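Printed here is structure-v4.txt (compact mmCIF, C-alpha atoms):
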# COMPACT_ATOMS: atom_id res chain seq x y z
CA MET A 22 -18.87 -15.84 32.52
CA PHE A 23 -19.62 -16.15 28.79
CA PRO A 24 -22.41 -13.51 28.71
CA TRP A 25 -20.01 -11.12 30.47
CA LEU A 26 -17.26 -11.91 28.02
CA ARG A 27 -19.66 -11.28 25.16
CA GLN A 28 -20.57 -7.90 26.68
CA VAL A 29 -16.86 -7.06 26.97
CA LEU A 30 -16.31 -7.95 23.31
CA ASP A 31 -19.39 -5.92 22.33
CA TYR A 32 -17.92 -2.96 24.17
CA LEU A 33 -14.45 -3.38 22.65
CA GLY A 34 -15.94 -3.81 19.22
CA GLY A 35 -18.05 -0.68 19.54
CA ALA A 36 -21.42 -2.48 19.54
CA ALA A 37 -22.15 -1.32 23.10
CA ASP A 38 -21.46 2.17 24.50
CA GLU A 39 -21.03 1.11 28.09
CA PRO A 40 -18.75 -1.59 29.50
CA PRO A 41 -20.34 -4.42 31.51
CA PRO A 42 -20.24 -4.24 35.32
CA GLY A 43 -16.89 -5.37 36.62
CA PHE A 44 -14.97 -4.10 33.61
CA PRO A 45 -11.85 -2.30 34.97
CA ASP A 46 -12.23 1.52 34.91
CA LEU A 47 -8.67 1.89 33.72
CA LEU A 48 -9.61 0.15 30.49
CA THR A 49 -12.22 2.75 29.64
CA SER A 50 -9.69 5.57 29.45
CA PRO A 51 -8.72 7.29 26.17
CA MET A 52 -5.21 5.89 26.58
CA PHE A 53 -6.56 2.32 26.62
CA TRP A 54 -8.54 2.98 23.46
CA GLY A 55 -5.43 4.41 21.81
CA ILE A 56 -3.42 1.30 22.67
CA TRP A 57 -6.31 -0.95 21.56
CA TRP A 58 -6.60 0.73 18.16
CA ALA A 59 -2.83 0.56 17.68
CA LEU A 60 -2.77 -3.15 18.54
CA LEU A 61 -5.61 -3.85 16.11
CA SER A 62 -3.73 -1.92 13.41
CA ILE A 63 -0.58 -3.93 14.10
CA VAL A 64 -2.48 -7.24 13.95
CA VAL A 65 -4.00 -6.24 10.60
CA TYR A 66 -0.55 -5.14 9.38
CA ILE A 67 1.32 -8.30 10.26
CA PHE A 68 -1.27 -10.56 8.65
CA SER A 69 -1.63 -8.53 5.45
CA GLY A 70 1.48 -9.83 3.75
CA GLN A 71 0.12 -12.66 1.67
CA THR A 72 -0.48 -10.47 -1.36
CA SER A 73 1.91 -12.15 -3.75
CA LYS A 74 1.60 -15.70 -5.00
CA PHE A 75 5.28 -16.26 -4.48
CA ILE A 76 7.41 -15.04 -1.59
CA TYR A 77 11.13 -15.44 -1.18
CA ILE A 78 12.01 -16.21 2.40
CA ASP A 79 15.66 -15.26 1.98
CA PHE A 80 14.81 -11.75 3.22
CA MET B 12 -16.42 9.88 24.00
CA SER B 13 -15.64 13.60 23.65
CA TRP B 14 -13.43 15.05 20.88
CA LYS B 15 -10.75 15.66 23.49
CA GLN B 16 -10.80 11.97 24.43
CA VAL B 17 -10.72 10.89 20.80
CA PHE B 18 -7.71 13.15 20.23
CA ALA B 19 -5.96 11.67 23.29
CA SER B 20 -6.64 8.16 21.97
CA LEU B 21 -5.25 9.03 18.54
CA ILE B 22 -2.08 10.46 20.09
CA THR B 23 -1.67 7.23 22.08
CA THR B 24 -2.18 5.18 18.91
CA ALA B 25 0.48 7.24 17.13
CA VAL B 26 2.94 6.72 19.99
CA VAL B 27 2.41 2.93 19.98
CA LEU B 28 2.78 2.77 16.18
CA ALA B 29 5.96 4.86 16.39
CA ALA B 30 7.32 2.37 18.93
CA PHE B 31 6.36 -0.49 16.60
CA ASN B 32 8.16 1.26 13.73
CA LEU B 33 11.29 1.41 15.86
CA THR B 34 10.94 -2.30 16.58
CA VAL B 35 10.68 -3.12 12.85
CA HIS B 36 13.66 -0.86 12.21
CA ARG B 37 15.69 -2.83 14.76
CA LEU B 38 14.47 -6.15 13.32
CA ALA B 39 15.69 -5.06 9.89
CA ARG B 40 19.19 -4.09 11.00
CA ASN B 41 20.43 -7.44 9.77
CA SER B 42 18.35 -7.72 6.62
CA VAL B 43 20.05 -9.60 3.77
CA PRO B 44 21.00 -6.47 1.74
CA ARG B 45 22.47 -4.82 4.85
CA GLN B 46 24.44 -7.98 5.62
CA LEU B 47 25.77 -7.94 2.05
CA ILE B 48 26.80 -4.28 2.23
CA THR B 49 28.49 -4.87 5.61
CA ARG B 50 30.31 -7.86 4.20
CA LEU B 51 31.45 -5.96 1.11
CA ASN B 52 32.76 -3.23 3.42
CA SER B 53 34.73 -5.77 5.43
CA VAL B 54 36.44 -7.47 2.47
CA SER B 55 39.30 -5.47 1.01
CA GLY B 56 41.22 -5.83 -2.24
CA VAL B 57 38.35 -7.39 -4.19
CA THR B 58 39.41 -7.94 -7.83
CA HIS B 59 36.47 -10.04 -9.07
CA LEU B 60 32.94 -8.97 -8.10
CA ALA B 61 30.17 -11.48 -8.83
CA LEU B 62 26.90 -9.61 -9.31
CA GLY B 63 23.40 -10.83 -9.97
CA ASN B 64 20.28 -12.26 -8.41
CA SER B 65 19.76 -15.52 -6.51
CA LEU B 66 21.30 -17.54 -9.35
CA MET B 67 24.61 -15.85 -8.67
CA ALA B 68 24.07 -15.82 -4.89
CA ALA B 69 23.62 -19.60 -4.95
CA GLY B 70 26.02 -20.35 -7.79
CA PHE B 71 29.23 -18.49 -7.08
CA ASP B 72 31.62 -20.23 -4.71
CA GLU B 73 34.30 -17.68 -3.80
CA LYS B 74 36.64 -20.22 -2.24
CA ALA B 75 36.56 -22.58 -5.24
CA PHE B 76 36.97 -19.66 -7.65
CA ASP B 77 39.96 -18.15 -5.79
CA GLN B 78 41.60 -21.54 -5.32
CA LYS B 79 41.37 -22.28 -9.03
CA LEU B 80 42.74 -18.86 -9.95
CA GLY B 81 45.57 -19.62 -7.52
CA SER B 82 46.88 -16.09 -7.28
CA HIS B 83 47.61 -14.14 -4.11
CA SER B 84 46.75 -10.90 -5.81
CA THR B 85 43.16 -11.83 -6.69
CA ARG B 86 40.19 -11.92 -4.39
CA SER B 87 36.60 -12.61 -5.43
CA VAL B 88 33.40 -11.83 -3.61
CA ASN B 89 29.87 -13.03 -4.20
CA ALA B 90 27.57 -10.01 -4.22
CA GLY B 91 24.56 -11.88 -5.59
CA LEU B 92 21.27 -10.94 -3.98
CA GLY B 93 18.10 -13.02 -4.28
CA SER B 94 14.97 -11.60 -5.86
CA THR B 95 16.60 -8.43 -7.16
CA GLY B 96 17.06 -6.82 -10.55
CA PRO B 97 19.62 -4.75 -12.44
CA VAL B 98 18.82 -1.52 -10.57
CA GLU B 99 19.64 -3.10 -7.20
CA HIS B 100 22.74 -4.70 -8.72
CA LEU B 101 23.86 -1.26 -9.86
CA LEU B 102 23.51 0.00 -6.28
CA VAL B 103 25.65 -2.88 -4.98
CA LEU B 104 28.29 -2.21 -7.64
CA ARG B 105 28.41 1.53 -6.87
CA ASP B 106 28.78 0.78 -3.17
CA GLU B 107 31.72 -1.52 -3.88
CA GLU B 108 33.38 0.88 -6.29
CA ARG B 109 33.27 3.75 -3.81
CA LYS B 110 35.79 2.06 -1.56
CA ASN B 111 37.59 -0.38 -3.80
CA SER B 112 40.16 0.65 -6.37
CA HIS B 113 41.35 -2.92 -7.05
CA LEU B 114 38.30 -4.10 -8.97
CA ARG B 115 39.34 -5.66 -12.29
CA TYR B 116 36.35 -7.77 -13.27
CA VAL B 117 32.62 -7.49 -12.79
CA ILE B 118 31.02 -10.87 -13.38
CA TYR B 119 27.34 -10.32 -14.05
CA GLY B 120 25.19 -13.45 -13.98
CA PHE B 121 21.83 -13.32 -15.74
CA PHE B 122 19.08 -15.63 -16.94
CA ASP B 123 16.45 -15.48 -19.65
CA PHE B 124 15.54 -11.90 -20.58
CA GLN B 125 17.10 -10.09 -17.65
CA LEU B 126 19.47 -7.99 -19.80
CA THR B 127 16.76 -6.60 -22.04
CA ASP B 128 13.78 -6.42 -19.66
CA ASP B 129 12.88 -2.87 -18.69
CA ASN B 130 12.88 -1.51 -15.14
CA ALA B 131 9.11 -1.07 -14.84
CA THR B 132 8.56 -1.08 -11.10
CA GLN B 133 5.74 -0.24 -8.76
CA VAL B 134 6.46 0.86 -5.26
CA SER B 135 4.71 -2.28 -4.00
CA ASP B 136 7.39 -4.37 -5.79
CA LEU B 137 10.08 -2.93 -3.52
CA ILE B 138 9.82 -5.57 -0.84
CA GLY B 139 12.38 -7.90 0.69
CA ASN B 140 15.84 -7.50 -0.80
CA ARG B 141 14.57 -4.98 -3.32
CA ALA B 142 13.83 -2.65 -0.39
CA MET B 143 17.54 -1.84 -0.42
CA SER B 144 16.79 0.92 -2.90
CA TYR B 145 15.08 2.81 -0.06
CA TYR B 146 18.31 3.10 1.88
CA VAL B 147 21.20 2.60 -0.58
CA GLU B 148 21.21 5.59 -2.93
CA PRO B 149 17.45 6.02 -3.35
CA ASP B 150 17.91 8.85 -5.85
CA ILE B 151 19.96 6.62 -8.15
CA ALA B 152 17.36 3.85 -7.83
CA LEU B 153 14.55 6.25 -8.71
CA ARG B 154 16.49 7.49 -11.74
CA PHE B 155 16.46 3.98 -13.22
CA TYR B 156 13.09 2.69 -12.09
CA SER B 157 10.35 3.27 -14.58
CA MET B 158 7.66 4.20 -12.07
CA PRO B 159 4.39 6.22 -12.10
CA TRP B 160 4.66 9.65 -10.41
CA SER B 161 2.23 8.61 -7.66
CA ASP B 162 4.55 5.72 -6.79
CA ARG B 163 7.54 8.09 -6.77
CA ILE B 164 5.79 10.22 -4.14
CA ALA B 165 4.91 7.09 -2.16
CA PHE B 166 8.56 5.99 -2.41
CA TYR B 167 9.69 9.00 -0.34
CA PHE B 168 6.97 8.38 2.25
CA TYR B 169 7.70 4.65 2.47
CA ARG B 170 11.42 5.10 2.96
CA GLU B 171 10.73 7.11 6.12
CA THR B 172 8.41 4.43 7.51
CA PRO B 173 10.16 1.22 8.61
CA MET B 174 6.81 -0.61 8.91
CA ILE B 175 6.47 -0.24 5.16
CA GLU B 176 10.08 -0.11 4.04
CA ASP B 177 11.03 -3.33 5.83
CA ARG B 178 7.61 -4.97 5.98
CA ALA B 179 9.09 -8.18 4.61
CA GLN B 180 10.94 -8.64 7.89
CA VAL B 181 7.59 -9.17 9.59
CA TRP B 182 5.68 -10.74 6.73
CA ALA B 183 8.31 -13.37 6.02
CA LYS B 184 8.04 -14.64 9.60
CA ILE B 185 4.25 -14.82 9.38
CA GLU B 186 4.55 -16.54 6.00
CA LEU B 187 6.78 -19.20 7.51
CA VAL B 188 4.19 -19.84 10.25
CA ARG B 189 1.43 -19.90 7.64
CA ARG B 190 3.32 -22.45 5.55
CA TRP B 191 4.04 -24.57 8.61
CA LEU B 192 0.34 -24.60 9.55
CA SER B 193 -0.84 -25.28 5.99
CA GLN B 194 1.47 -28.27 5.78
CA ALA B 195 0.22 -29.98 8.93
CA GLY B 196 -0.59 -33.61 8.18
CA LEU B 197 0.65 -33.39 4.60
CA PRO B 198 3.79 -34.88 3.05
CA ALA B 199 6.77 -32.61 3.67
CA ARG B 200 7.62 -30.17 0.87
CA THR B 201 11.19 -29.60 -0.19
CA TYR B 202 12.80 -26.27 0.66
CA ASP B 203 16.12 -24.72 -0.22
CA ARG B 204 17.69 -21.51 1.04
CA PHE B 205 15.42 -19.33 -1.10
CA GLY B 206 12.08 -20.95 -0.43
CA ARG B 207 9.87 -23.81 -1.63
CA VAL B 208 11.57 -25.72 -4.43
CA ALA B 209 8.32 -26.16 -6.35
CA ASP B 210 7.69 -22.39 -6.38
CA PHE B 211 10.61 -21.67 -8.66
CA THR B 212 8.92 -23.17 -11.67
CA ALA B 213 6.61 -20.14 -11.43
CA LEU B 214 9.52 -17.95 -12.52
CA GLU B 215 9.88 -19.78 -15.80
CA ALA B 216 7.87 -19.07 -18.95
CA ALA B 217 4.51 -20.82 -19.20
CA SER B 218 5.50 -22.75 -22.33
CA PRO B 219 8.34 -23.04 -24.87
CA ALA B 220 6.08 -21.42 -27.47
CA GLN B 221 5.50 -18.39 -25.28
CA PHE B 222 9.22 -18.23 -24.53
CA ALA B 223 10.08 -18.32 -28.26
CA GLU B 224 7.48 -15.66 -28.96
CA ARG B 225 9.11 -13.39 -26.39
CA CYS B 226 12.57 -13.95 -27.91
CA ASP B 227 11.32 -12.97 -31.35
CA ALA B 228 9.32 -9.99 -30.08
CA LEU B 229 12.38 -8.50 -28.37
CA MET B 230 14.41 -8.79 -31.56
CA VAL B 231 11.65 -7.46 -33.82
CA GLN B 232 11.25 -4.44 -31.54
CA HIS B 233 15.05 -3.93 -31.50
CA VAL B 234 14.98 -3.75 -27.72
CA GLY B 235 18.31 -2.57 -26.33
CA LEU B 236 20.05 -3.38 -23.09
CA ASN B 237 18.33 -2.45 -19.86
CA SER B 238 19.34 1.09 -18.77
CA ALA B 239 20.65 -0.11 -15.40
CA ILE B 240 22.73 -2.77 -17.17
CA LEU B 241 24.21 -0.08 -19.42
CA GLU B 242 25.03 1.96 -16.31
CA ILE B 243 26.67 -1.08 -14.69
CA ILE B 244 28.86 -1.36 -17.80
CA ARG B 245 29.69 2.37 -17.80
CA GLU B 246 30.44 2.42 -14.07
CA SER B 247 32.67 -0.64 -14.35
CA GLN B 248 34.55 0.60 -17.36
CA GLY B 249 34.92 4.01 -15.69
CA HIS B 250 36.83 2.17 -12.96
CA ASN B 251 38.87 0.21 -15.53
CA ALA B 252 37.06 -3.03 -14.75
CA VAL B 253 36.11 -5.51 -17.47
CA VAL B 254 32.50 -6.70 -17.48
CA VAL B 255 31.77 -10.35 -18.21
CA MET B 256 28.11 -11.16 -18.80
CA VAL B 257 27.52 -14.75 -17.81
CA GLU B 258 24.52 -16.70 -19.02
CA MET B 259 24.12 -18.66 -15.80
CA PRO B 260 23.98 -22.47 -15.73
CA MET B 261 20.40 -23.63 -15.93
CA HIS B 262 18.75 -26.85 -14.89
CA PRO B 263 18.66 -29.47 -17.69
CA SER B 264 14.86 -29.23 -17.78
CA HIS B 265 15.08 -25.47 -18.39
CA GLN B 266 17.70 -26.16 -21.06
CA SER B 267 15.59 -28.69 -22.89
CA ARG B 268 12.29 -26.80 -22.57
CA PHE B 269 13.44 -23.28 -23.32
CA TYR B 270 17.08 -22.89 -24.36
CA SER B 271 16.77 -25.55 -27.04
CA VAL B 272 14.19 -23.56 -29.03
CA PRO B 273 15.74 -21.96 -32.15
CA ALA B 274 14.41 -18.54 -31.13
CA TRP B 275 16.62 -18.57 -28.03
CA GLY B 276 19.66 -19.20 -30.22
CA ARG B 277 18.72 -16.16 -32.31
CA TYR B 278 18.09 -14.05 -29.22
CA ARG B 279 21.42 -15.16 -27.74
CA SER B 280 23.26 -13.96 -30.89
CA TYR B 281 21.31 -10.71 -30.74
CA LEU B 282 22.24 -10.28 -27.06
CA HIS B 283 25.85 -11.07 -27.85
CA GLN B 284 25.92 -8.30 -30.44
CA LEU B 285 24.38 -5.84 -27.98
CA VAL B 286 26.93 -6.51 -25.22
CA SER B 287 29.91 -6.73 -27.61
CA ARG B 288 29.05 -3.25 -28.85
CA GLU B 289 29.56 -2.07 -25.26
CA GLY B 290 32.96 -3.76 -24.96
CA VAL B 291 31.65 -6.52 -22.72
CA VAL B 292 32.66 -10.20 -22.74
CA TYR B 293 29.72 -12.59 -23.23
CA LEU B 294 30.06 -16.01 -21.68
CA ASN B 295 27.53 -18.74 -22.28
CA ALA B 296 27.73 -20.98 -19.23
CA SER B 297 24.12 -22.11 -19.40
CA ASP B 298 25.02 -25.74 -20.17
CA TRP B 299 28.03 -26.08 -17.89
CA ILE B 300 26.12 -28.04 -15.25
CA ARG B 301 24.26 -30.96 -16.81
CA ASP B 302 23.54 -33.14 -13.81
CA PRO B 303 20.14 -32.39 -12.22
CA ALA B 304 21.58 -33.58 -8.90
CA GLU B 305 23.79 -30.47 -8.91
CA PHE B 306 20.78 -28.18 -8.71
CA ALA B 307 18.79 -27.34 -5.58
CA ASP B 308 15.66 -26.52 -7.60
CA ASN B 309 14.67 -25.71 -11.17
CA LEU B 310 16.87 -22.63 -11.23
CA HIS B 311 19.51 -22.61 -8.51
CA MET B 312 22.66 -24.69 -8.27
CA ASN B 313 23.41 -26.47 -5.03
CA GLY B 314 26.82 -26.43 -3.31
CA VAL B 315 28.29 -29.11 -5.59
CA GLY B 316 27.06 -27.36 -8.74
CA ALA B 317 28.29 -23.99 -7.47
CA GLU B 318 31.77 -25.34 -6.82
CA LYS B 319 31.95 -26.92 -10.26
CA PHE B 320 30.67 -23.79 -11.99
CA SER B 321 33.03 -21.49 -10.05
CA ARG B 322 36.08 -23.61 -10.87
CA ARG B 323 35.23 -23.63 -14.55
CA LEU B 324 34.56 -19.88 -14.44
CA ALA B 325 37.98 -19.34 -12.86
CA GLN B 326 39.49 -21.46 -15.63
CA PHE B 327 37.86 -19.13 -18.13
CA PHE B 328 39.48 -16.15 -16.40
CA LEU B 329 42.85 -17.88 -16.49
CA GLN B 330 42.42 -18.21 -20.23
CA LEU B 331 41.47 -14.55 -20.50
CA GLY B 332 44.89 -13.70 -19.10
CA ASP B 333 46.06 -10.15 -19.54
CA HIS B 334 44.01 -9.47 -22.64
CA PRO B 335 40.40 -10.05 -21.61
CA LEU B 336 38.90 -7.86 -24.30
CA ARG B 337 40.15 -10.09 -27.08
CA LEU B 338 37.12 -12.28 -26.34
CA VAL B 339 34.61 -9.48 -26.64
CA SER B 340 33.46 -10.22 -30.14
CA LYS B 341 33.92 -14.00 -30.17
CA LYS B 342 30.81 -16.11 -30.50
CA PRO B 343 29.16 -16.93 -27.14

Take the structure from the file and write it as structure tokens.
Amino acid sequence: MFPWLRQVLDYLGGAADEPPPGFPDLLTSPMFWGIWWALLSIVVYIFSGQTSKFIYIDF
Amino acid sequence: MSWKQVFASLITTAVVLAAFNLTVHRLARNSVPRQLITRLNSVSGVTHLALGNSLMAAGFDEKAFDQKLGSHSTRSVNAGLGSTGPVEHLLVLRDEERKNSHLRYVIYGFFDFQLTDDNATQVSDLIGNRAMSYYVEPDIALRFYSMPWSDRIAFYFYRETPMIEDRAQVWAKIELVRRWLSQAGLPARTYDRFGRVADFTALEAASPAQFAERCDALMVQHVGLNSAILEIIRESQGHNAVVVMVEMPMHPSHQSRFYSVPAWGRYRSYLHQLVSREGVVYLNASDWIRDPAEFADNLHMNGVGAEKFSRRLAQFFLQLGDHPLRLVSKKP
């Protein structure tokens, strides 16, 4: 299980060109990659707010 | 992956990000500035408009003020907005003046050097409540912000992108989670409506000496009133409203550390001259609240302090009577 998971993460992270056996075909489509990149961008975005030493919460 | 596939992926990414932008836009529909504008639109016949930052937002109690004035023909509204400056206050005033012909007094609450500080702003500063300048008269805001040209270009891009314009809507929620996690197992910190109580000391000068130095520097350089403040005065007077500049009540520790230095007394007289020249009433209310228990933190009054301050402020307006400008040149 864990070696397979590692191979999946390698594939998603771009370290491997081919997905491991058993990886759903649907998730190798360009649309999946588009959604994946967007989700990563959103995760980066929502956690990039701690740039000021002082934040009002009365927003 | 072929170029065609890469292109298809990028289109998909753009679609998802567009959907996320719409989500942020919906999240921000009830942001604090929008709530304030909606509220101002719903209250009619306002005669006394209280303007300022969080000190006014926390310190002005409309009910106590109106009760003390005891007149059916007067109506006050608290238009204070936390973490904002004179430019945003000007936008709030203009919004109110567009639909209200009853305005008689603009009560502007300030602290420290707010009246003479310039409007130097970077586009990254326009976050939280200050983001209102993206959607309430952005051209007026840009006229008063002192901003590099690259930031002016970015301003137009940002205002079309909810993810950037209203990023505080998302970041504030994450910040709350971050604070909750960082506090696990530690003694509870005290919070008030604006944030962590301890954080507000960061808004004060580092030392009385530095504070005094700043007072003297502003006078030596003959610094005038902030351009947005001058516009607030012009706009108000153009609508036949009298402006009252109120030095807001400050915590006793702020009083003893900073307002007791002789340089502040000199700066106060200097400020008084500047505002009197513009036909504005100067009111020193900084020592009206002397009990630390009537403050929520180092800067903001709590409910009890706000009620006390507002009643005394109303008393001042009763004394002004029908000839408010007779107090323009009196000592603060």

Exercise for the section: Please provide the set of residues having any atom within 9 Å of Phe155 (chain B), restricted to all atoms listed in the file, with same-chain residues fewer than 3 positions apart removed, written as a ChimeraX atom specification. Expected result: /B:98,130,150-152,158,238-239

Kindly assemble as a Markdown table a list of the chain B residues that lie within 10 Å of chain A, each paired with its nearest atom pair and their distance in Å to one decimal, using all atoms listed in the file, sorted first by chain and then by ascending residue number.
| residue | atom | partner | partner_atom | distance |
| --- | --- | --- | --- | --- |
| B:Met12 | CA | A:Pro51 | CA | 8.4 |
| B:Ser13 | CA | A:Pro51 | CA | 9.7 |
| B:Lys15 | CA | A:Pro51 | CA | 9.0 |
| B:Gln16 | CA | A:Pro51 | CA | 5.4 |
| B:Val17 | CA | A:Pro51 | CA | 6.8 |
| B:Phe18 | CA | A:Pro51 | CA | 8.4 |
| B:Ala19 | CA | A:Pro51 | CA | 5.9 |
| B:Ser20 | CA | A:Gly55 | CA | 3.9 |
| B:Leu21 | CA | A:Gly55 | CA | 5.7 |
| B:Ile22 | CA | A:Gly55 | CA | 7.1 |
| B:Thr23 | CA | A:Gly55 | CA | 4.7 |
| B:Thr24 | CA | A:Gly55 | CA | 4.4 |
| B:Ala25 | CA | A:Ala59 | CA | 7.5 |
| B:Val26 | CA | A:Ala59 | CA | 8.8 |
| B:Val27 | CA | A:Ala59 | CA | 6.2 |
| B:Leu28 | CA | A:Ala59 | CA | 6.2 |
| B:Ala29 | CA | A:Ala59 | CA | 9.9 |
| B:Phe31 | CA | A:Ile63 | CA | 8.1 |
| B:Ala39 | CA | A:Phe80 | CA | 9.5 |
| B:Asn41 | CA | A:Phe80 | CA | 9.6 |
| B:Ser42 | CA | A:Phe80 | CA | 6.4 |
| B:Val43 | CA | A:Phe80 | CA | 5.7 |
| B:Pro44 | CA | A:Phe80 | CA | 8.3 |
| B:Ser65 | CA | A:Asp79 | CA | 9.4 |
| B:Leu92 | CA | A:Asp79 | CA | 9.3 |
| B:Gly93 | CA | A:Asp79 | CA | 7.1 |
| B:Ser94 | CA | A:Tyr77 | CA | 7.2 |
| B:Asp136 | CA | A:Ser73 | CA | 9.7 |
| B:Ile138 | CA | A:Phe80 | CA | 8.9 |
| B:Gly139 | CA | A:Phe80 | CA | 5.2 |
| B:Asn140 | CA | A:Phe80 | CA | 5.9 |
| B:Arg141 | CA | A:Phe80 | CA | 9.4 |
| B:Ala142 | CA | A:Phe80 | CA | 9.8 |
| B:Met174 | CA | A:Tyr66 | CA | 8.7 |
| B:Ile175 | CA | A:Tyr66 | CA | 9.5 |
| B:Asp177 | CA | A:Phe80 | CA | 9.6 |
| B:Arg178 | CA | A:Gly70 | CA | 8.1 |
| B:Ala179 | CA | A:Phe80 | CA | 6.9 |
| B:Gln180 | CA | A:Phe80 | CA | 6.8 |
| B:Val181 | CA | A:Ile67 | CA | 6.4 |
| B:Trp182 | CA | A:Gly70 | CA | 5.2 |
| B:Ala183 | CA | A:Ile78 | CA | 5.9 |
| B:Lys184 | CA | A:Ile78 | CA | 8.4 |
| B:Ile185 | CA | A:Phe68 | CA | 7.0 |
| B:Glu186 | CA | A:Gln71 | CA | 7.3 |
| B:Leu187 | CA | A:Ile78 | CA | 7.9 |
| B:Arg189 | CA | A:Gln71 | CA | 9.5 |
| B:Asp203 | CA | A:Asp79 | CA | 9.7 |
| B:Arg204 | CA | A:Asp79 | CA | 6.6 |
| B:Phe205 | CA | A:Asp79 | CA | 5.1 |
| B:Gly206 | CA | A:Ile78 | CA | 5.5 |
| B:Arg207 | CA | A:Tyr77 | CA | 8.5 |
| B:Asp210 | CA | A:Phe75 | CA | 6.9 |
| B:Phe211 | CA | A:Phe75 | CA | 8.7 |
| B:Ala213 | CA | A:Phe75 | CA | 8.1 |
| B:Leu214 | CA | A:Phe75 | CA | 9.2 |

Using the file's own x, y and z axes, what box holds all listed atoms of region 25-29 of chain B with 6 Å on each side, keeping edges along x, y and z, and what are its centre and edge lengths in Å to one decimal, as AutoDock Vina command-line options?
--center_x 3.2 --center_y 5.0 --center_z 18.1 --size_x 17.5 --size_y 16.5 --size_z 15.8

Practice task
Would you work out the distance separating CA of Ala69 (chain B) from CA of Leu101 (chain B), expressed in Å to one decimal?
Solution key: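 Here the two named atoms are 19.0 Å from each other.
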
Problem - Nearby residues (all atoms listed in the file) at most 9 Å from Val234 (chain B), same-chain spacing under 4 positions excluded, as a ChimeraX atom specification - result: /B:127-128,228-230

Handout entry: From B:Pro273, B:Gly249, B:Pro198, B:Gly56, residue lying nearest Thr85 (chain B) [all atoms listed in the file]
Key =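 Closest candidate: B:Gly56.
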
Exercise for the section: Do a neighbour search on region 322-327 of chain B at 9 Å with all atoms listed in the file, toss out local chain neighbours closer than 6 positions, and write the hits as an NGL selection string. Expected result: :B and (72 or 75-80 or 296 or 299)

Completion exercise
What separates CA of Ile300 (chain B) and CA of Met312 (chain B) is a distance of 8.5 Å

Exercise for the section: For Ser297 (chain B), list every protein, DNA or RNA residue within 12 Å, evaluated using all atoms listed in the file, and leave out those in the same chain fewer than 2 positions away; present the list as a count of residues only. Expected result: 35

Ala90 (chain B) environment, 8 Å, only C-alpha atoms, sequence neighbours closer than 6 positions dropped, as a compact mmCIF listing (two decimals) with C-alpha atoms, in the frame of the given file:
# COMPACT_ATOMS: atom_id res chain seq x y z
CA LEU B 47 25.77 -7.94 2.05
CA LEU B 51 31.45 -5.96 1.11
CA LEU B 60 32.94 -8.97 -8.10
CA ALA B 61 30.17 -11.48 -8.83
CA LEU B 62 26.90 -9.61 -9.31
CA GLY B 63 23.40 -10.83 -9.97
CA MET B 67 24.61 -15.85 -8.67
CA ALA B 68 24.07 -15.82 -4.89
CA VAL B 103 25.65 -2.88 -4.98

Practice task
Please check which residues have atoms at most 12 Å from (-20.7, -0.6, 32.3) in the file's coordinates, counting all atoms listed in the file, and write them as number ranges by chain.
Solution key: A: 25, 28-29, 31-33, 37-46, 48-49

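Distance-wise, CA of Pro173 (chain B) and CA of Val88 (chain B) end up 29.3 Å apart.
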
Problem - Top pick for closest residue to Arg50 (chain B), considering B:Asp106, B:Arg245, B:Ser157, B:Thr132 and counting all atoms listed in the file - result: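 That would be B:Asp106, the residue with the smallest distance to Arg50 (chain B).
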